[in-house]
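Trainee: Let me begin by handing over the structure; questions about it come next.
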Amino acid sequence: MHDPGARGVAGRDVSTTVEYADGDDASAFAQMLGGLVEANVSSRPEKRRDLDNLKARVGFFVTDIGEAVTLDFEGGHLVVRNGLQPGRDVTIRADADTVMQLSNVRIGFAGMPNYLDATGREVVAKMLKGQLRIEGLVGNLTTLNQVTRLFSVAE
Amino acid sequence: MAVAAFSPEWAQAFKDEINNSPVYRVAGQGWKWTVGLVVEAEPDRNFPESRGVVMDLHEGEARDIRVGPPEDAQACDFVITGTYTRWKQVATKELDATRGMLQGKLKLKGDLPTVVRYTKASQEMTECTTRVPVEWPDET
């Protein structure tokens, strides 16, 4: 999958921004999410600020392929782990297409995700149909918005 | 008429399918990079040598698609690598390319945000491959 970056010591993959706790055993999905954050942060200063300000444990579970990843945002540093780890603030469960679609949500006024355009409406419709489930949403809306901004590739 | 898998005739038919797709024409707007598909050899499936598919895609149009050595495909801006069996699964709708990449069955090299931004275009390209009638070497 995407090149996760420089190899660190003790079997852990380390880059300045993203670390893979499972080292060479990081799953393709883990490398994809980590790679996406790393690429976004390195090219967009506003996303770097989001990463710097974000402290949360976020899980992703891709329902149709059974792949899961936990992202530990540690204020400027991201540790990516295979599987769902305990103590998550937010967990997003969706099929692969929806996970990709989430990354295409545009960021609108005041840095808020735009759920009113075509892509945003499709995401909302999937939530209403139960095809996209977000656990821990109550109390973590700011975290979710920050994560959405970090993953958004929409221009 | 069916064409041999990953042959020059297949490349031409694939190109025609892409250029006949109104969905791709819209979804591919803005795309201006080359894409290489590396089809890794599987001698036990009667696919003895790896091949490369070089796709020159530009603004919703396939300007050129050709089959050659894998090195040509590896030199493209974006490279997707998989075994013959994986690509056959994609072309026969057994494996969705997005899921394949998330599962590591297909390996992607290139700028991830750009690829994710064009998910719809890549999905339609996959649809185009499924519309090309193919003679598979492990079935002949």
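Each chain of the structure tokens is named A, B, ... in the order shown, its residues numbered from 1; ligands are numbered from 1 in display order.
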If the cut-off is 9 Å, can you tell me the residues of chain A near chain B, counting only C-alpha atoms? I'd like them as a VMD selection string.
Mentor: chain A and resid 1 to 3 27 to 32 35 to 37 39 to 40 64 to 65 67 96 to 97 100 to 101 103 to 104 151 to 155
Trainee: As JSON, numbers by chain, list the residues of chain B assigned to strand (DSSP E) by DSSP on the backbone atoms of this structure.
Mentor: {"B": [3, 4, 34, 35, 36, 37, 38, 39, 40, 51, 52, 53, 54, 55, 56, 57, 58, 61, 62, 63, 64, 65, 66, 67, 68, 78, 79, 80, 81, 82, 83, 107, 108, 109, 134, 135]}
Trainee: Could you work out how far atom CA of Gly34 of chain A lies from atom CA of Lys32 of chain B, giving the answer in Å with one decimal?
Mentor: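 It comes out at 25.0 Å.
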Trainee: Residues within 12 Å of Thr85 of chain B, please, as a ChimeraX atom specification. Count only C-alpha atoms; anything in the same chain fewer than 5 positions from it doesn't count.
Mentor: /B:5,39-47,50,90-92,94-95,105-106,136-139
Trainee: List the spatial neighbours of Gln74 of chain B as a PyMOL selection string - criterion: any atom at most 9 Å away, only C-alpha atoms, same-chain residues fewer than 2 positions off excluded.
Mentor: chain B and resi 35-38+52+54+70-72+76-81
Trainee: How would the residues just chosen look if you wrote them out with N, CA and C atoms as a compact mmCIF listing (two decimals), in the first residue's frame?
Mentor:
```txt
# COMPACT_ATOMS: atom_id res chain seq x y z
N VAL B 35 -1.10 6.46 -15.08
CA VAL B 35 -1.36 5.37 -14.14
C VAL B 35 -0.76 4.08 -14.71
N GLY B 36 -0.01 3.39 -13.91
CA GLY B 36 0.56 2.11 -14.33
C GLY B 36 -0.05 0.96 -13.55
N LEU B 37 -0.47 -0.05 -14.26
CA LEU B 37 -0.95 -1.27 -13.61
C LEU B 37 0.11 -2.35 -13.83
N VAL B 38 0.62 -2.88 -12.75
CA VAL B 38 1.59 -3.97 -12.86
C VAL B 38 0.86 -5.28 -12.60
N GLY B 52 3.10 -4.75 -17.82
CA GLY B 52 2.73 -3.43 -17.34
C GLY B 52 1.71 -2.80 -18.28
N VAL B 54 0.27 0.81 -19.19
CA VAL B 54 0.52 2.25 -19.01
C VAL B 54 -0.69 3.01 -19.53
N PRO B 70 6.76 -4.44 -17.24
CA PRO B 70 6.32 -3.87 -15.97
C PRO B 70 7.08 -2.60 -15.59
N GLU B 71 8.32 -2.50 -16.06
CA GLU B 71 9.11 -1.30 -15.73
C GLU B 71 8.45 -0.03 -16.25
N ASP B 72 7.81 -0.13 -17.40
CA ASP B 72 7.13 1.05 -17.97
C ASP B 72 6.01 1.50 -17.03
N CYS B 76 5.22 5.22 -13.92
CA CYS B 76 4.07 6.14 -13.99
C CYS B 76 3.93 6.94 -12.69
N ASP B 77 3.11 7.98 -12.74
CA ASP B 77 2.88 8.81 -11.55
C ASP B 77 2.21 8.00 -10.43
N PHE B 78 1.28 7.15 -10.82
CA PHE B 78 0.58 6.28 -9.86
C PHE B 78 0.74 4.85 -10.34
N VAL B 79 1.04 3.96 -9.42
CA VAL B 79 1.27 2.56 -9.79
C VAL B 79 0.42 1.67 -8.88
N ILE B 80 -0.33 0.79 -9.49
CA ILE B 80 -1.09 -0.20 -8.72
C ILE B 80 -0.58 -1.58 -9.13
N THR B 81 -0.19 -2.35 -8.13
CA THR B 81 0.45 -3.64 -8.39
C THR B 81 -0.38 -4.77 -7.78
```
Trainee: Quick one: residues within 12 Å of Ser7 of chain B, only C-alpha atoms counted, chain neighbours fewer than 5 positions away excluded, as a VMD selection string?
Mentor: chain B and resid 2 12 to 14 39 47 50 to 53 65 to 69 132 134 to 137
Trainee: List the neighbours of Val41 of chain A out to 10 Å using only C-alpha atoms; skip same-chain residues closer than 2 positions along the sequence, and give me the result as a ChimeraX atom specification.
Mentor: /A:17,35-39,43-52,76,150-151
Trainee: Using the selection just defined, write its residues with C-alpha atoms as a PDB file, in the first residue's frame.
Mentor:
```pdb
ATOM      1  CA  THR A  17       4.122  12.896  12.032  1.00  0.00           C
ATOM      2  CA  GLY A  35      -0.582   7.965   4.778  1.00  0.00           C
ATOM      3  CA  LEU A  36      -3.595  10.129   4.124  1.00  0.00           C
ATOM      4  CA  VAL A  37      -3.116  12.124   7.322  1.00  0.00           C
ATOM      5  CA  GLU A  38       0.615  12.456   6.712  1.00  0.00           C
ATOM      6  CA  ALA A  39       0.139  13.680   3.144  1.00  0.00           C
ATOM      7  CA  SER A  43       0.802  19.910   2.359  1.00  0.00           C
ATOM      8  CA  ARG A  44      -1.820  21.933   4.236  1.00  0.00           C
ATOM      9  CA  PRO A  45      -0.884  24.171   7.205  1.00  0.00           C
ATOM     10  CA  GLU A  46      -4.465  24.280   8.495  1.00  0.00           C
ATOM     11  CA  LYS A  47      -4.459  20.495   8.781  1.00  0.00           C
ATOM     12  CA  ARG A  48      -1.176  20.628  10.670  1.00  0.00           C
ATOM     13  CA  ARG A  49      -2.898  22.922  13.164  1.00  0.00           C
ATOM     14  CA  ASP A  50      -5.742  20.432  13.517  1.00  0.00           C
ATOM     15  CA  LEU A  51      -3.284  17.634  14.181  1.00  0.00           C
ATOM     16  CA  ASP A  52      -1.412  19.762  16.713  1.00  0.00           C
ATOM     17  CA  GLY A  76       0.943  16.820  16.688  1.00  0.00           C
ATOM     18  CA  LEU A 150      -7.695  15.950   8.729  1.00  0.00           C
ATOM     19  CA  PHE A 151      -8.928  13.279   6.335  1.00  0.00           C
TER      20      PHE A 151
END
```
Trainee: Please indicate the distance in Å from atom CA of Asp72 of chain A to atom CA of Gly59 of chain A, rounded to one decimal place.
Mentor: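 So the answer is 8.7 Å.
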Trainee: Please identify all polymer residues within 10 Å of Glu122 of chain A, counting only C-alpha atoms, omitting same-chain residues fewer than 4 positions from it, and present them as a PDB file with C-alpha atoms, in the first residue's frame.
Mentor:
```pdb
ATOM      1  CA  THR A  98     -18.306   5.243   2.595  1.00  0.00           C
ATOM      2  CA  GLN A 101     -16.514   9.127   0.660  1.00  0.00           C
ATOM      3  CA  LEU A 102     -15.896  10.583   4.122  1.00  0.00           C
ATOM      4  CA  VAL A 105     -16.453  15.716   2.374  1.00  0.00           C
ATOM      5  CA  TYR A 115     -23.017  18.252   4.643  1.00  0.00           C
ATOM      6  CA  LEU A 116     -25.177  20.259   2.253  1.00  0.00           C
ATOM      7  CA  ASP A 117     -23.484  19.552  -1.077  1.00  0.00           C
ATOM      8  CA  ALA A 118     -23.917  16.304  -3.015  1.00  0.00           C
ATOM      9  CA  LYS A 126     -25.917   6.831   4.826  1.00  0.00           C
ATOM     10  CA  MET A 127     -25.974   7.841   8.490  1.00  0.00           C
ATOM     11  CA  LEU A 128     -29.761   7.929   8.454  1.00  0.00           C
TER      12      LEU A 128
END
```
Trainee: Can you work out the spacing between atom CA of Lys129 of chain A and atom CA of Ala56 of chain A in Å, to one decimal?
Mentor: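 Answer for the atom CA of Lys129 of chain A to atom CA of Ala56 of chain A separation: 26.8 Å.
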Trainee: With distances taken over only C-alpha atoms, which of A:Val69, A:Ala125, A:Leu141, A:Asn53 is nearest to Pro113 of chain A?
Mentor: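 Checking each of A:Val69, A:Ala125, A:Leu141, A:Asn53 against Pro113 of chain A, counting only C-alpha atoms, the winner is A:Leu141.
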Trainee: Pick the closest to Val58 of chain A from A:Leu78, A:Leu33, A:Leu144, A:Val90: which is it, counting only C-alpha atoms?
Mentor: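 Closest residue, counting only C-alpha atoms: A:Val90.
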Trainee: Have a look at A:Val18, A:Ala94, A:Val147, A:Ala26 and name the one nearest to Arg81 of chain A; count only C-alpha atoms.
Mentor: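 Closest candidate: A:Ala26.
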